[in-house]
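Accompanying notes for the structure given below.
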Amino acid sequence: MHRRCLNSESAIGLSCPDLRGAGLSQRPSEGYEKQTLAADVKALMDHLGIDKAHVIGHDIGARIAYAFAVQYPERLSSLTVAEAFIEGLAGTAEFKRFAPTNPRTQHFARFARVDEVMGEYQGKEQELVLWFMNSRSKSRKFIANDRHALYRIPQA
């Protein structure tokens with residue numbers, strides 16, 4: 001799935017793919033590796049008749065954009081990545097050093113240890129969501145069952 005992200009009068013075509021398992025796309029049980037998702041992007045470009053593209057990846061999408069660039073350099077006009085660290089790219093080592101000590105970036109360091117964090121929050125997802133929301137809010141603190149919270153987790 002994808003959607004056209006600019007109006008039809010625009011001289012620039014911008015497509016925003018729903019990668020497998022995200023948005024309205026199907027949720028197969030496998031195929032979530034960066035290389036497979038990059039191949040999905042190539043298949044979408046083939047389907048749309050796009051030979052080359054300026055590829056932009058944000059957050060987790062940056063890793064997929066980078067995998068696309070490595071696998072299909074002939075299909076790339078340019079690559080832009082934002083708000084993600086990718087091993088081997090300039091700034092990654094420095095970011096990884098300061099991330100754990102900066103309240104605005106601690107989650108990058110914390111959640112890079114996927115297995116450990118999954119075990120820590122198994123069955124305590126509401127605690128995780130509240131921690132994340134409160135780490136981002138300067139004006140208020142969210143609490144469990146807050147009637148003003150934007151995100152609610154159904155109670156078991």
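In the structure tokens, chains take letters A, B, ... by order of appearance, with residues numbered from 1 within each chain and ligands from 1 in the order shown.
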
Write out as number ranges by chain which residues come within 7 Å of Arg75 in chain A when counting only C-alpha atoms, dropping same-chain ones fewer than 2 positions away.
A: 51-53, 72-73, 77

Hey, can you spit out that residue selection with C-alpha atoms as a PDB file, in the first residue's frame?
ATOM      1  CA  ASP A  51      13.242   4.309 -12.338  1.00  0.00           C
ATOM      2  CA  LYS A  52      15.112   6.493  -9.818  1.00  0.00           C
ATOM      3  CA  ALA A  53      14.033   8.346  -6.704  1.00  0.00           C
ATOM      4  CA  TYR A  72      19.781  -0.703  -5.226  1.00  0.00           C
ATOM      5  CA  PRO A  73      22.213   2.205  -5.723  1.00  0.00           C
ATOM      6  CA  SER A  77      18.975   9.832  -6.948  1.00  0.00           C
TER       7      SER A  77
END

Can you pull out the residues contacting Gln106 in chain A? Cut-off 12 Å, using only C-alpha atoms, and skip same-chain residues under 5 positions away; I want them as a ChimeraX atom specification.
/A:95-101,111-113,131-132,135-136

Quick one: pick out all alpha helix (DSSP H) residues within range 43-156 of chain A from a backbone DSSP run and write them as a PyMOL selection string.
chain A and resi 43-48+60-71+92-98+106-111+114-121+125-136

What separation in Å, quoted to one decimal, exists between CA of Ser78 in chain A and CA of Leu48 in chain A?
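These atoms are spaced 18.5 Å apart.
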
Per DSSP on the backbone, filter range 40-122 of chain A down to the residues in strand (DSSP E or B) and report them as an MDAnalysis selection string.
chainID A and resid 53:58 76:82

With N, CA, C and O atoms kept, could you save the residues just selected as a PDB file, in the first residue's frame?
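Below is the file that was written, again_25.pdb:
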ATOM      1  N   ALA A  53      14.766   7.508  -7.653  1.00  0.00           N
ATOM      2  CA  ALA A  53      14.033   8.346  -6.704  1.00  0.00           C
ATOM      3  C   ALA A  53      14.977   8.956  -5.677  1.00  0.00           C
ATOM      4  O   ALA A  53      16.031   8.410  -5.379  1.00  0.00           O
ATOM      5  N   HIS A  54      14.547  10.088  -5.137  1.00  0.00           N
ATOM      6  CA  HIS A  54      15.151  10.667  -3.948  1.00  0.00           C
ATOM      7  C   HIS A  54      14.462   9.963  -2.785  1.00  0.00           C
ATOM      8  O   HIS A  54      13.249  10.092  -2.621  1.00  0.00           O
ATOM      9  N   VAL A  55      15.197   9.194  -2.025  1.00  0.00           N
ATOM     10  CA  VAL A  55      14.604   8.386  -0.953  1.00  0.00           C
ATOM     11  C   VAL A  55      14.865   9.072   0.386  1.00  0.00           C
ATOM     12  O   VAL A  55      15.991   9.446   0.692  1.00  0.00           O
ATOM     13  N   ILE A  56      13.799   9.221   1.161  1.00  0.00           N
ATOM     14  CA  ILE A  56      13.873   9.846   2.477  1.00  0.00           C
ATOM     15  C   ILE A  56      13.381   8.840   3.504  1.00  0.00           C
ATOM     16  O   ILE A  56      12.313   8.256   3.343  1.00  0.00           O
ATOM     17  N   GLY A  57      14.171   8.646   4.561  1.00  0.00           N
ATOM     18  CA  GLY A  57      13.771   7.738   5.624  1.00  0.00           C
ATOM     19  C   GLY A  57      13.849   8.430   6.967  1.00  0.00           C
ATOM     20  O   GLY A  57      14.823   9.110   7.275  1.00  0.00           O
ATOM     21  N   HIS A  58      12.814   8.278   7.764  1.00  0.00           N
ATOM     22  CA  HIS A  58      12.743   8.892   9.087  1.00  0.00           C
ATOM     23  C   HIS A  58      12.616   7.812  10.149  1.00  0.00           C
ATOM     24  O   HIS A  58      11.854   6.871   9.980  1.00  0.00           O
ATOM     25  N   LEU A  76      18.728   5.037  -7.028  1.00  0.00           N
ATOM     26  CA  LEU A  76      18.764   6.133  -6.065  1.00  0.00           C
ATOM     27  C   LEU A  76      19.272   7.423  -6.698  1.00  0.00           C
ATOM     28  O   LEU A  76      20.338   7.438  -7.303  1.00  0.00           O
ATOM     29  N   SER A  77      18.495   8.502  -6.560  1.00  0.00           N
ATOM     30  CA  SER A  77      18.975   9.832  -6.948  1.00  0.00           C
ATOM     31  C   SER A  77      19.685  10.489  -5.778  1.00  0.00           C
ATOM     32  O   SER A  77      20.693  11.156  -5.936  1.00  0.00           O
ATOM     33  N   SER A  78      19.123  10.321  -4.577  1.00  0.00           N
ATOM     34  CA  SER A  78      19.749  10.822  -3.355  1.00  0.00           C
ATOM     35  C   SER A  78      19.138  10.086  -2.173  1.00  0.00           C
ATOM     36  O   SER A  78      18.081   9.470  -2.287  1.00  0.00           O
ATOM     37  N   LEU A  79      19.824  10.163  -1.040  1.00  0.00           N
ATOM     38  CA  LEU A  79      19.352   9.526   0.190  1.00  0.00           C
ATOM     39  C   LEU A  79      19.399  10.552   1.314  1.00  0.00           C
ATOM     40  O   LEU A  79      20.417  11.210   1.525  1.00  0.00           O
ATOM     41  N   THR A  80      18.298  10.679   2.032  1.00  0.00           N
ATOM     42  CA  THR A  80      18.234  11.528   3.222  1.00  0.00           C
ATOM     43  C   THR A  80      17.693  10.678   4.358  1.00  0.00           C
ATOM     44  O   THR A  80      16.653  10.018   4.206  1.00  0.00           O
ATOM     45  N   VAL A  81      18.413  10.669   5.482  1.00  0.00           N
ATOM     46  CA  VAL A  81      17.933   9.953   6.669  1.00  0.00           C
ATOM     47  C   VAL A  81      17.859  10.944   7.818  1.00  0.00           C
ATOM     48  O   VAL A  81      18.669  11.875   7.908  1.00  0.00           O
ATOM     49  N   ALA A  82      16.880  10.754   8.694  1.00  0.00           N
ATOM     50  CA  ALA A  82      16.687  11.669   9.816  1.00  0.00           C
ATOM     51  C   ALA A  82      16.244  10.904  11.050  1.00  0.00           C
ATOM     52  O   ALA A  82      15.516   9.910  10.951  1.00  0.00           O
TER      53      ALA A  82
END

The distance between CA of Lys141 in chain A and CA of Gly61 in chain A is 29.4 Å

Pick out the residues sitting within 10 Å of range 28-41 of chain A, and hand them over as a short mmCIF file (atom, residue, chain, number, x, y, z; two decimals) with C-alpha atoms, in the first residue's frame; count only C-alpha atoms, and ignore anything fewer than 5 positions along from it in its own chain.
data_model
loop_
_atom_site.label_atom_id
_atom_site.label_comp_id
_atom_site.auth_asym_id
_atom_site.auth_seq_id
_atom_site.Cartn_x
_atom_site.Cartn_y
_atom_site.Cartn_z
CA HIS A 2 1.04 3.58 -0.56
CA CYS A 16 4.55 7.39 1.12
CA PRO A 17 4.61 3.60 1.34
CA ASP A 18 2.87 1.70 4.11
CA LEU A 19 5.54 -0.88 4.77
CA ARG A 20 4.39 -4.39 5.57
CA GLY A 21 2.84 -4.53 9.01
CA ASP A 46 8.63 -0.94 -10.26
CA HIS A 47 4.83 -1.04 -9.99
CA VAL A 55 14.60 8.39 -0.95
CA ILE A 60 13.00 3.27 11.68
CA GLY A 61 12.32 4.10 8.03
CA ALA A 62 15.83 5.55 7.81
CA ARG A 63 17.30 2.10 8.26
CA ILE A 64 15.11 0.77 5.48
CA ALA A 65 16.05 3.71 3.24
CA TYR A 66 19.73 3.00 3.92
CA ALA A 67 19.25 -0.70 3.11
CA PHE A 68 17.53 0.36 -0.13
CA ALA A 69 20.51 2.59 -1.02
CA VAL A 70 22.99 -0.23 -0.40
CA GLN A 71 20.97 -2.85 -2.31
CA TYR A 72 19.78 -0.70 -5.23
#

With only C-alpha atoms as the atoms that count, which of A:Ser25, A:Gln122, A:Ser139, A:Thr92 lies nearest to Phe108 in chain A?
A:Thr92
